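A.B. asks: What follows is structure_14.cif; its format and atoms are mmCIF, C-alpha atoms.
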data_run
loop_
_atom_site.label_atom_id
_atom_site.label_comp_id
_atom_site.auth_asym_id
_atom_site.auth_seq_id
_atom_site.Cartn_x
_atom_site.Cartn_y
_atom_site.Cartn_z
CA MET S 1 16.87 -18.19 -27.61
CA SER S 2 15.33 -21.50 -26.50
CA ALA S 3 11.93 -21.66 -24.77
CA PRO S 4 13.44 -22.44 -21.32
CA ASP S 5 15.89 -19.55 -21.67
CA ALA S 6 13.04 -17.23 -22.67
CA ILE S 7 11.01 -18.29 -19.62
CA ILE S 8 13.98 -17.81 -17.30
CA THR S 9 14.62 -14.37 -18.80
CA LEU S 10 10.95 -13.45 -18.26
CA ILE S 11 11.10 -14.61 -14.64
CA VAL S 12 14.28 -12.64 -13.98
CA ALA S 13 12.78 -9.54 -15.61
CA LEU S 14 9.61 -9.76 -13.52
CA LEU S 15 11.61 -10.27 -10.35
CA LEU S 16 13.86 -7.32 -11.10
CA LEU S 17 10.78 -5.21 -11.82
CA GLN S 18 9.47 -6.04 -8.36
CA VAL S 19 12.87 -5.23 -6.84
CA PHE S 20 12.91 -1.85 -8.56
CA LEU S 21 9.31 -0.91 -7.72
CA ARG S 22 9.77 -1.72 -4.03
CA ILE S 23 12.93 0.35 -3.50
CA PRO S 24 10.99 3.42 -2.19
CA ALA S 25 9.28 1.30 0.49
CA VAL S 26 12.64 -0.21 1.47
CA LEU S 27 14.20 3.24 1.81
CA ARG S 28 11.30 4.30 4.04
CA GLY S 29 12.27 1.50 6.40
CA GLN S 30 9.13 -0.65 6.28
CA ARG S 31 10.07 -4.06 7.66
CA ARG S 32 7.59 -6.10 5.67
CA GLU S 33 8.50 -4.40 2.43
CA ARG S 34 12.18 -4.95 3.18
CA SER S 35 11.50 -8.66 3.69
CA LEU S 36 9.57 -8.99 0.45
CA TRP S 37 12.18 -6.93 -1.41
CA GLY S 38 14.91 -9.21 -0.05
CA ALA S 39 13.03 -12.30 -1.22
CA PHE S 40 12.59 -10.90 -4.73
CA ALA S 41 16.25 -9.86 -4.87
CA ALA S 42 17.46 -13.31 -3.73
CA PHE S 43 15.19 -15.11 -6.19
CA ALA S 44 16.22 -12.79 -9.03
CA THR S 45 19.90 -13.54 -8.46
CA SER S 46 19.19 -17.26 -8.06
CA TRP S 47 17.34 -17.43 -11.37
CA TRP S 48 19.98 -15.27 -13.05
CA LEU S 49 22.56 -17.91 -12.14
CA ARG S 50 20.57 -20.34 -14.28
CA THR S 51 21.41 -18.30 -17.36
CA ASP S 52 24.54 -18.59 -19.47
CA LEU S 53 25.50 -15.05 -18.46
CA GLY S 54 25.18 -15.83 -14.76
CA ARG S 55 27.28 -18.97 -15.05
CA ALA S 56 29.84 -17.13 -17.18
CA VAL S 57 30.38 -14.68 -14.32
CA ILE S 58 30.91 -17.44 -11.72
CA ASP S 59 32.74 -20.13 -13.74
CA PRO S 60 36.03 -18.15 -14.04
CA LEU S 61 36.45 -18.64 -10.27
CA GLY S 62 37.60 -22.15 -11.18
CA ILE S 63 35.17 -24.19 -9.04
CA ASN S 64 32.94 -26.46 -11.10
CA ASP S 65 29.20 -26.20 -10.28
CA LEU S 66 29.78 -23.25 -7.93
CA ALA S 67 27.02 -21.36 -9.78
CA THR S 68 24.63 -24.20 -8.95
CA LEU S 69 25.57 -24.10 -5.26
CA LEU S 70 25.10 -20.32 -5.11
CA LYS S 71 21.79 -20.67 -6.96
CA HIS S 72 20.51 -23.14 -4.37
CA VAL S 73 21.80 -21.10 -1.42
CA LEU S 74 20.11 -17.95 -2.71
CA ALA S 75 16.88 -19.87 -3.26
CA ILE S 76 16.97 -20.97 0.39
CA VAL S 77 17.65 -17.41 1.51
CA GLY S 78 14.74 -16.17 -0.61
CA VAL S 79 12.39 -18.79 0.82
CA CYS S 80 13.44 -17.98 4.38
CA VAL S 81 12.93 -14.24 3.89
CA LEU S 82 9.60 -14.91 2.19
CA LEU S 83 8.49 -16.90 5.23
CA THR S 84 9.45 -13.91 7.39
CA TYR S 85 7.20 -11.71 5.27
CA VAL S 86 4.29 -14.17 5.40
CA THR S 87 4.62 -14.52 9.17
CA ASP S 88 4.69 -10.75 9.72
CA VAL S 89 1.68 -10.15 7.47
CA TYR S 90 -0.65 -12.73 8.97
CA ALA S 91 0.53 -12.47 12.57
CA ASP S 92 -1.30 -9.13 12.79
CA GLU S 93 -4.67 -10.76 12.15
CA ASP S 94 -5.02 -13.07 15.15
CA THR S 95 -2.01 -14.44 16.95
CA THR S 96 -4.21 -17.04 18.67
CA ALA S 97 -5.48 -18.55 15.41
CA HIS S 98 -4.29 -22.08 14.71
CA HIS S 99 -2.89 -21.34 11.25
CA ILE S 100 -0.99 -18.32 12.58
CA LYS S 101 0.59 -20.41 15.35
CA ILE S 102 1.68 -23.03 12.81
CA THR S 103 3.22 -20.40 10.52
CA SER S 104 5.05 -18.72 13.38
CA LEU S 105 6.43 -22.06 14.57
CA VAL S 106 7.54 -23.05 11.07
CA HIS S 107 9.18 -19.66 10.59
CA ARG S 108 11.17 -19.99 13.81
CA VAL S 109 12.28 -23.46 12.79
CA ALA S 110 12.97 -22.44 9.18
CA ALA S 111 15.17 -19.53 10.23
CA ARG S 112 17.49 -21.94 12.05
CA ALA S 113 17.04 -24.72 9.52
CA SER S 114 18.06 -22.45 6.65
CA ILE S 115 21.48 -21.89 8.19
CA ALA S 116 21.89 -25.61 8.88
CA THR S 117 20.72 -26.49 5.37
CA VAL S 118 23.13 -24.05 3.72
CA LEU S 119 26.05 -25.39 5.79
CA CYS S 120 25.12 -28.98 4.98
CA LEU S 121 24.77 -28.24 1.28
CA ALA S 122 28.18 -26.55 1.24
CA GLY S 123 29.73 -29.46 3.16
CA VAL S 124 28.29 -32.08 0.83
CA PHE S 125 29.20 -30.00 -2.22
CA PHE S 126 32.87 -29.57 -1.31
CA LEU S 127 33.49 -32.89 0.46
CA THR S 128 31.46 -35.60 -1.28
CA LEU S 129 30.55 -34.52 -4.82
CA ASP S 130 32.95 -35.20 -7.67
CA ARG S 131 33.64 -31.67 -8.87
CA THR S 132 36.01 -32.76 -11.61
CA LYS S 133 33.01 -33.32 -13.87
CA THR S 134 31.97 -30.47 -16.16
CA GLY S 135 29.26 -29.56 -18.59
CA ALA S 136 30.97 -31.77 -21.16
CA ASP S 137 29.90 -34.81 -19.11
CA SER S 138 26.26 -33.65 -18.83
CA PRO S 139 24.47 -30.31 -19.20
CA TYR S 140 22.56 -31.03 -15.98
CA PHE S 141 23.84 -30.89 -12.42
CA ILE S 142 22.01 -34.11 -11.55
CA GLY S 143 23.29 -35.77 -14.71
CA ARG S 144 26.90 -34.94 -13.80
CA HIS S 145 26.63 -36.43 -10.33
CA ILE S 146 24.09 -39.19 -10.86
CA GLY S 147 24.93 -42.29 -8.85
CA GLU S 148 26.89 -40.38 -6.21
CA PRO S 149 25.48 -40.90 -2.69
CA GLY S 150 26.19 -37.27 -1.87
CA LEU S 151 23.80 -36.12 -4.61
CA VAL S 152 20.78 -37.70 -2.91
CA LEU S 153 21.72 -36.05 0.40
CA TYR S 154 22.42 -32.70 -1.24
CA MET S 155 19.24 -32.49 -3.29
CA GLY S 156 17.14 -34.17 -0.59
CA LEU S 157 17.99 -31.41 1.89
CA LEU S 158 17.20 -28.73 -0.68
CA TYR S 159 13.87 -30.23 -1.71
CA LEU S 160 12.77 -30.94 1.85
CA TYR S 161 13.38 -27.34 2.87
CA THR S 162 11.71 -26.00 -0.28
CA ALA S 163 8.63 -28.24 -0.02
CA ALA S 164 8.04 -27.51 3.68
CA SER S 165 8.33 -23.76 3.18
CA ALA S 166 6.15 -23.80 0.06
CA ALA S 167 3.49 -25.78 1.96
CA VAL S 168 3.30 -23.14 4.70
CA CYS S 169 3.18 -20.22 2.25
CA GLY S 170 0.63 -21.99 0.03
CA TYR S 171 -1.58 -22.76 3.02
CA GLN S 172 -1.55 -19.16 4.23
CA TRP S 173 -2.21 -17.68 0.80
CA GLY S 174 -5.00 -20.19 0.13
CA TRP S 175 -6.59 -19.35 3.50
CA ALA S 176 -6.34 -15.62 2.77
CA ALA S 177 -7.71 -16.04 -0.79
CA ARG S 178 -10.95 -17.57 0.53
CA ARG S 179 -11.49 -14.49 2.72
CA ALA S 180 -10.32 -11.77 0.33
CA ARG S 181 -13.12 -9.40 -0.69
CA ARG S 182 -11.52 -7.67 -3.67
CA TRP S 183 -11.21 -9.87 -6.75
CA PRO S 184 -7.67 -8.73 -7.75
CA LEU S 185 -6.37 -9.67 -4.30
CA ARG S 186 -8.34 -12.92 -4.27
CA THR S 187 -7.08 -13.86 -7.73
CA GLY S 188 -3.48 -12.99 -6.86
CA LEU S 189 -3.53 -14.99 -3.63
CA ALA S 190 -5.12 -17.99 -5.37
CA MET S 191 -2.43 -17.91 -8.05
CA MET S 192 0.32 -17.66 -5.41
CA SER S 193 -1.15 -20.62 -3.51
CA THR S 194 -1.45 -22.69 -6.70
CA GLY S 195 2.14 -21.81 -7.56
CA MET S 196 3.29 -23.17 -4.19
CA ILE S 197 1.40 -26.42 -4.87
CA LEU S 198 3.29 -26.83 -8.14
CA ILE S 199 6.61 -26.14 -6.39
CA ILE S 200 5.77 -28.84 -3.84
CA LEU S 201 4.99 -31.18 -6.75
CA TYR S 202 8.33 -30.24 -8.28
CA ALA S 203 10.17 -31.16 -5.07
CA VAL S 204 8.27 -34.45 -4.77
CA LEU S 205 8.96 -35.45 -8.39
CA ARG S 206 12.64 -34.61 -8.04
CA THR S 207 12.99 -36.55 -4.79
CA ALA S 208 11.10 -39.57 -6.16
CA PHE S 209 13.46 -39.66 -9.12
CA LEU S 210 16.66 -39.19 -7.12
CA VAL S 211 16.22 -41.77 -4.36
CA PRO S 212 16.42 -44.83 -6.67
CA THR S 213 19.55 -43.42 -8.34
CA ALA S 214 21.54 -44.27 -5.22
CA VAL S 215 21.02 -47.94 -6.20
CA ALA S 216 20.92 -47.86 -10.00
CA ALA S 217 21.93 -44.94 -12.20
CA PRO S 218 19.31 -44.02 -14.85
CA SER S 219 20.11 -43.48 -18.50
CA THR S 220 21.13 -40.14 -19.93
CA GLU S 221 17.84 -39.96 -21.80
CA ALA S 222 15.85 -40.55 -18.60
CA VAL S 223 17.75 -37.79 -16.81
CA ALA S 224 17.16 -35.34 -19.67
CA GLN S 225 13.45 -36.20 -19.85
CA HIS S 226 13.07 -35.84 -16.09
CA GLU S 227 14.82 -32.46 -16.14
CA GLN S 228 12.51 -31.17 -18.85
CA ILE S 229 9.34 -32.31 -17.08
CA THR S 230 10.27 -31.05 -13.63
CA ASP S 231 11.67 -27.79 -14.96
CA ALA S 232 8.32 -27.18 -16.70
CA VAL S 233 6.56 -27.72 -13.36
CA LEU S 234 9.03 -25.38 -11.63
CA TYR S 235 8.62 -22.68 -14.28
CA GLY S 236 4.84 -22.93 -14.11
CA GLY S 237 4.78 -22.80 -10.31
CA PHE S 238 7.16 -19.89 -10.01
CA LEU S 239 5.44 -17.89 -12.76
CA LEU S 240 2.06 -18.44 -11.09
CA TRP S 241 3.47 -17.24 -7.76
CA LEU S 242 5.20 -14.28 -9.36
CA VAL S 243 2.22 -13.15 -11.45
CA GLY S 244 -0.01 -13.64 -8.42
CA ALA S 245 2.29 -11.45 -6.37
CA VAL S 246 2.35 -8.83 -9.13
CA THR S 247 -1.46 -8.72 -9.51
CA PRO S 248 -2.30 -6.89 -6.25
CA ALA S 249 0.84 -4.79 -6.62
CA THR S 250 -0.21 -3.79 -10.14
CA ARG S 251 -3.63 -2.73 -8.89
CA SER S 252 -1.94 -0.80 -6.10
CA LEU S 253 0.39 0.86 -8.62
CA LEU S 254 -2.56 1.84 -10.82
CA GLY S 255 -4.27 3.24 -7.74
CA ARG S 256 -1.20 5.30 -6.91
CA ILE S 257 -1.01 6.61 -10.47
CA GLN S 258 -4.70 7.57 -10.37
CA CYS S 259 -4.23 9.33 -7.03
CA MET S 260 -1.21 11.17 -8.40
CA ARG S 261 -3.22 12.38 -11.39
CA THR S 262 -5.97 13.56 -9.05
CA VAL S 263 -3.47 15.38 -6.85
CA ILE S 264 -2.05 17.16 -9.91
CA ARG S 265 -5.54 18.25 -10.99
CA LEU S 266 -6.32 19.59 -7.50
CA HIS S 267 -2.93 21.24 -7.06
CA PRO S 268 -3.72 24.71 -8.57
CA LEU S 269 -6.82 25.03 -6.40
CA TRP S 270 -5.06 23.73 -3.28
CA ARG S 271 -2.04 25.96 -3.84
CA ASP S 272 -4.05 29.17 -4.27
CA LEU S 273 -6.21 28.46 -1.24
CA VAL S 274 -3.46 27.55 1.26
CA LEU S 275 -1.33 30.49 0.13
CA ALA S 276 -4.27 32.86 0.58
CA VAL S 277 -5.16 31.67 4.11
CA GLU S 278 -2.10 30.72 6.11
CA GLY S 279 -2.09 28.22 8.92
CA ASN S 280 -4.21 25.54 7.22
CA ALA S 281 -1.50 23.63 5.33
CA LEU S 282 0.60 20.99 7.02
CA TYR S 283 3.34 21.68 4.47
CA LYS S 284 3.62 25.02 2.70
CA PRO S 285 3.58 24.97 -1.11
CA SER S 286 6.95 25.12 -2.83
CA LEU S 287 8.01 28.68 -3.71
CA LEU S 288 11.15 28.25 -5.80
CA LEU S 289 12.06 31.56 -7.50
CA GLY S 290 9.43 33.22 -5.33
CA GLY S 291 6.67 31.18 -6.97
CA HIS S 292 7.42 32.67 -10.42
CA ARG S 293 5.75 31.01 -13.40
CA ALA S 294 9.16 30.03 -14.75
CA ALA S 295 9.50 27.61 -11.83
CA ALA S 296 5.90 26.37 -11.98
CA LEU S 297 6.79 22.82 -13.05
CA MET S 298 9.51 22.50 -10.41
CA ASN S 299 7.17 23.78 -7.71
CA LEU S 300 4.46 21.40 -8.88
CA ALA S 301 6.88 18.45 -8.80
CA ARG S 302 8.07 19.29 -5.30
CA ASP S 303 4.51 19.65 -4.00
CA VAL S 304 3.15 16.40 -5.48
CA LEU S 305 6.21 14.22 -4.84
CA SER S 306 7.43 15.23 -1.39
CA HIS S 307 6.43 15.03 2.27
CA ASP S 308 3.73 12.33 2.22
CA ALA S 309 4.40 8.60 2.25
CA THR S 310 1.95 7.82 -0.58
CA PRO S 311 -0.16 9.71 -3.14
CA GLN S 312 -3.25 8.48 -1.30
CA ILE S 313 -2.14 10.22 1.90
CA ARG S 314 -1.27 13.36 -0.05
CA LEU S 315 -4.70 13.37 -1.71
CA GLY S 316 -6.40 13.07 1.66
CA ARG S 317 -4.33 15.98 2.97
CA TYR S 318 -5.17 18.16 -0.05
CA VAL S 319 -8.91 17.55 0.34
CA THR S 320 -8.80 18.26 4.07
CA GLU S 321 -6.81 21.46 3.65
CA ILE S 322 -9.05 22.70 0.83
CA ARG S 323 -12.10 22.24 3.02
CA ASP S 324 -10.37 23.92 5.97
CA VAL S 325 -9.56 26.98 3.88
CA ILE S 326 -13.11 27.08 2.50
CA HIS S 327 -14.41 27.20 6.06
CA GLU S 328 -12.14 30.14 6.82
CA LEU S 329 -13.23 31.97 3.66
CA ARG S 330 -16.88 31.50 4.60
CA ARG S 331 -16.17 33.76 7.58
CA ARG S 332 -14.90 36.58 5.37
CA VAL S 333 -17.20 36.77 2.34
CA PRO S 334 -20.64 38.40 1.84
CA ALA S 335 -23.59 36.23 2.84
CA ASP S 336 -25.09 36.23 -0.67
CA LEU S 337 -21.86 35.42 -2.53
CA LEU S 338 -22.83 31.83 -3.33
CA GLN S 339 -26.23 32.92 -4.58
CA ARG S 340 -24.66 35.49 -6.90
CA ALA S 341 -22.08 32.96 -8.12
CA ARG S 342 -24.93 30.57 -8.94
CA ALA S 343 -26.71 33.33 -10.86
CA VAL S 344 -23.59 33.93 -12.94
CA ALA S 345 -23.23 30.21 -13.66
CA GLU S 346 -26.87 29.90 -14.76
CA ALA S 347 -26.60 33.03 -16.89
CA GLU S 348 -23.76 31.33 -18.75
CA GLY S 349 -26.06 28.40 -19.54
CA HIS S 350 -24.98 25.92 -16.89
CA ARG S 351 -27.68 23.80 -15.29
CA GLY S 352 -28.02 21.26 -12.47
CA THR S 353 -24.87 19.86 -10.91
CA ASP S 354 -22.81 21.51 -13.62
CA ALA S 355 -24.09 24.91 -12.47
CA ALA S 356 -23.35 23.99 -8.85
CA ALA S 357 -19.74 23.07 -9.68
CA VAL S 358 -19.24 26.27 -11.70
CA ALA S 359 -20.81 28.35 -8.91
CA GLU S 360 -18.51 26.82 -6.29
CA ALA S 361 -15.46 27.46 -8.47
CA TYR S 362 -16.55 31.10 -8.99
CA TRP S 363 -17.24 31.46 -5.28
CA LEU S 364 -13.70 30.25 -4.50
CA LYS S 365 -12.10 32.46 -7.13
CA SER S 366 -13.95 35.50 -5.80
CA ALA S 367 -13.57 34.60 -2.12
CA LEU S 368 -9.79 34.73 -2.41
CA GLY S 369 -10.17 38.50 -2.74
CA ALA S 370 -11.70 38.56 0.75
CA ALA S 371 -9.04 36.40 2.40
CA SER S 372 -7.68 39.38 4.33
CA HIS S 373 -11.09 40.64 5.49
CA PRO S 374 -12.00 40.44 9.21
CA ALA S 375 -13.45 37.06 10.21
CA GLY S 376 -17.08 36.75 11.28
CA ALA S 377 -19.73 34.05 11.44
CA PRO S 378 -19.58 31.50 8.60
CA VAL S 379 -22.01 32.24 5.75
CA ARG S 380 -24.16 29.67 3.97
CA PHE S 381 -22.23 27.38 1.67
CA GLU S 382 -23.43 24.34 -0.26
CA THR S 383 -21.21 21.69 -1.76
CA ALA S 384 -21.42 18.06 -2.85
CA GLY S 385 -19.79 14.85 -1.67
CA ASP S 386 -21.20 12.58 1.02
CA ASP S 387 -18.05 10.48 1.32
CA PHE S 388 -14.40 10.80 0.42
CA PRO S 389 -14.55 9.31 -3.12
CA SER S 390 -17.54 11.46 -4.13
CA GLU S 391 -15.95 14.51 -2.52
CA VAL S 392 -12.77 13.99 -4.52
CA THR S 393 -14.78 13.60 -7.73
CA TRP S 394 -16.67 16.81 -6.98
CA LEU S 395 -13.55 18.79 -6.12
CA MET S 396 -11.96 17.74 -9.40
CA ARG S 397 -14.93 19.20 -11.28
CA VAL S 398 -14.67 22.40 -9.27
CA ALA S 399 -10.89 22.55 -9.74
CA ASP S 400 -11.24 22.20 -13.52
CA VAL S 401 -13.59 25.20 -13.68
CA TYR S 402 -11.45 27.14 -11.22
CA ARG S 403 -8.36 26.60 -13.35
CA SER S 404 -10.09 27.90 -16.51
CA ALA S 405 -11.59 31.03 -14.87
CA SER S 406 -9.42 34.11 -14.51
CA GLN S 407 -9.44 36.21 -11.34
CA THR S 408 -11.10 39.13 -13.17
CA ALA S 409 -13.76 36.92 -14.75
CA VAL S 410 -15.81 36.65 -11.56
CA PRO S 411 -15.52 39.96 -9.62
CA LEU S 412 -18.35 39.08 -7.21
CA ILE S 413 -16.95 40.56 -4.01
CA GLY S 414 -18.41 44.01 -3.34
CA LYS S 415 -21.03 43.68 -6.10
CA THR S 416 -24.77 43.31 -5.80
CA ALA S 417 -26.78 40.87 -7.81
CA THR S 418 -28.09 43.63 -10.06
CA GLU S 419 -24.65 45.15 -10.54
CA GLN S 420 -22.93 41.88 -11.27
CA PRO S 421 -21.77 41.64 -14.87
CA VAL S 422 -22.04 38.34 -16.68
CA HIS S 423 -18.82 36.90 -18.04
CA HIS S 424 -18.61 33.81 -20.15
CA THR S 425 -15.95 31.19 -19.52
CA SER S 426 -15.37 27.88 -21.16
CA ARG S 427 -17.67 25.12 -19.99
CA MET S 428 -16.49 21.85 -18.48
#
How would this structure read if it were set down as structure tokens?
C.D. replies:
Amino acid sequence: MSAPDAIITLIVALLLLQVFLRIPAVLRGQRRERSLWGAFAAFATSWWLRTDLGRAVIDPLGINDLATLLKHVLAIVGVCVLLTYVTDVYADEDTTAHHIKITSLVHRVAARASIATVLCLAGVFFLTLDRTKTGADSPYFIGRHIGEPGLVLYMGLLYLYTAASAAVCGYQWGWAARRARRWPLRTGLAMMSTGMILIILYAVLRTAFLVPTAVAAPSTEAVAQHEQITDAVLYGGFLLWLVGAVTPATRSLLGRIQCMRTVIRLHPLWRDLVLAVEGNALYKPSLLLGGHRAAALMNLARDVLSHDATPQIRLGRYVTEIRDVIHELRRRVPADLLQRARAVAEAEGHRGTDAAAVAEAYWLKSALGAASHPAGAPVRFETAGDDFPSEVTWLMRVADVYRSASQTAVPLIGKTATEQPVHHTSRM
């Protein structure tokens, strides 16, 4: 496989990866995500038509260079949809801002211009270009039609549309990069803006080469050299844009994976608590086969993959519902339960925050036995976590201890401090 073919294959693979990863958002009906998904899908198909396989699928239709026409049309569609996405994203910030007004105006013009451009390209392609020429005459589309007046018009329209759209997108992403606070987002936006600059350069170089060909046709060697140089610029620009677009998405994906792992760690604690005290869970835990252990994995999968739009939302719901149930249990347990749970934790050798986490886990395990007791005034209860991230970290420590402690290991309800037996469990 040649270097250009390898680069094209990489670009197609990255585009298809984006298409695949964004399918859930498209199915949820998010307009912006649909726009971005459509742009990636159009670009993926356009670049695929550059490959031998893509051309092999189209060439049997019997129209020479039809794959090239479809490639250009899909590129225009992708650019137009991408402009729609950019306009939607930045229009929310300040519709009175000068750069937002410019983008909105360009988008309205581009939406109409894209249709006109596609129609003009098709008209020039079928009516003025000599389509009797094949790859045997030249491996390049420009090389096959060099010297034809229709070629300058055809490519000029394509490059004008591409350069104008790339300028708007590059300007917006550059403006946003200067104001981005998180470095992954700032880096991604800067790469996307730089990629658009290279695509503008590509369009300028192509146009500057084509205009003189209407007067004097260049040599075959000059055409080949020009194709190699401008293709390198195009590959570099598109890869920069694509990697820049993937960078924030990759960070977001890693964040979703981390949230999912946290949700799974909190799930046993959350499930026991919301089943013990009804009315605190927005969605009841899955109870396939009556909650039997044989269906544990299926119930876990249903709980951590359904209902909520994202793992982040699900994590927030779990934390809220755990705290709500704890508040209800505080109204049903003995006033000295936390003190006795702390004594058990310290007797097992735990100290400091470790002892506090173990004590809270023991308190929860024991308090479940009082879930059906009459409610009264809330008893004293101490926990950690001043904000959401620290609260999640703390609850994970508690959940780990809770999961390793059996129900009979901490029989604190109904016992006094002097009667309480000491049981050893595995430390965190």
A.B. asks: Skipping near chain neighbours, those fewer than 6 positions away, what residues fall within 9 Å of Ile146 of chain S using all atoms listed in the file, listed as a PyMOL selection string?
C.D. replies: chain S and resi 152+210+213-214+217-218+223
A.B. asks: Write a file of the just-selected residues containing C-alpha atoms, as an mmCIF file, in the frame of the given file.
C.D. replies:
data_model
loop_
_atom_site.group_PDB
_atom_site.id
_atom_site.type_symbol
_atom_site.label_atom_id
_atom_site.label_comp_id
_atom_site.auth_asym_id
_atom_site.auth_seq_id
_atom_site.Cartn_x
_atom_site.Cartn_y
_atom_site.Cartn_z
ATOM 1 C CA VAL S 152 20.780 -37.700 -2.910
ATOM 2 C CA LEU S 210 16.660 -39.190 -7.120
ATOM 3 C CA THR S 213 19.550 -43.420 -8.340
ATOM 4 C CA ALA S 214 21.540 -44.270 -5.220
ATOM 5 C CA ALA S 217 21.930 -44.940 -12.200
ATOM 6 C CA PRO S 218 19.310 -44.020 -14.850
ATOM 7 C CA VAL S 223 17.750 -37.790 -16.810
#
A.B. asks: Using all atoms listed in the file and a cutoff of 8 Å, can you tell me which residues are near (3.2, 25.3, -1.8) in the file's coordinates, and write them out as a PyMOL selection string?
C.D. replies: chain S and resi 271+274-275+283-287+299+303
A.B. asks: So, with only C-alpha atoms as the atoms that count, which of S:Ile199, S:Ala111, S:Val215, S:Leu368 lies closest to Ala232 of chain S?
C.D. replies: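 Among the listed residues, the smallest separation from Ala232 of chain S belongs to S:Ile199.
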A.B. asks: Mind checking which residues fall within 10 Å of Val319 of chain S, counting all atoms listed in the file, ignoring those fewer than 2 positions away in the same chain, and posting them as a list in words?
C.D. replies: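 In the requested format, the answer is Val263, Leu266, Trp270, Arg314, Leu315, Gly316, Arg317, Glu321, Ile322, Arg323, Asp324, Phe388, Glu391, Val392 and Leu395 of chain S.
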A.B. asks: Written as a PyMOL selection string, what is the full residue list that the PyMOL selection byres ((chain S and resi 183-194) around 12) yields on the file shown?
C.D. replies: chain S and resi 86+166-182+195-201+233-234+236-252
A.B. asks: Residues at most 6 Å from segment 396-407 of chain S, counting only C-alpha atoms, excluding those fewer than 6 positions away in the same chain, as an MDAnalysis selection string?
C.D. replies: chainID S and resid 266 269 357 361
A.B. asks: Return the single residue from S:Thr128, S:Asn280, S:Thr162, S:Gln225 that is closest to Tyr140 of chain S, with distances computed using only C-alpha atoms.
C.D. replies: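 Smallest distance to Tyr140 of chain S is found for S:Gln225.
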A.B. asks: Selection in question (the file shown): the PyMOL selection byres ((chain S and resi 125) around 12). Which residues does it include, as a ChimeraX atom specification?
C.D. replies: /S:63-70,72-73,117-124,126-132,141,145,148-155
A.B. asks: Please indicate the distance in Å from atom CA of Val81 of chain S to atom CA of Ala309 of chain S, rounded to one decimal place.
C.D. replies: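 A separation of 24.4 Å between them.
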A.B. asks: Just how far from atom CA of Gln312 of chain S is atom CA of Leu254 of chain S, in Å to one decimal?
C.D. replies: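 These two atoms are separated by 11.6 Å.
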A.B. asks: Work out how far atom CA of Ala203 of chain S is from atom CA of Tyr235 of chain S, in Å to one decimal.
C.D. replies: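 Result for atom CA of Tyr235 of chain S versus atom CA of Ala203 of chain S: 12.6 Å, one decimal.
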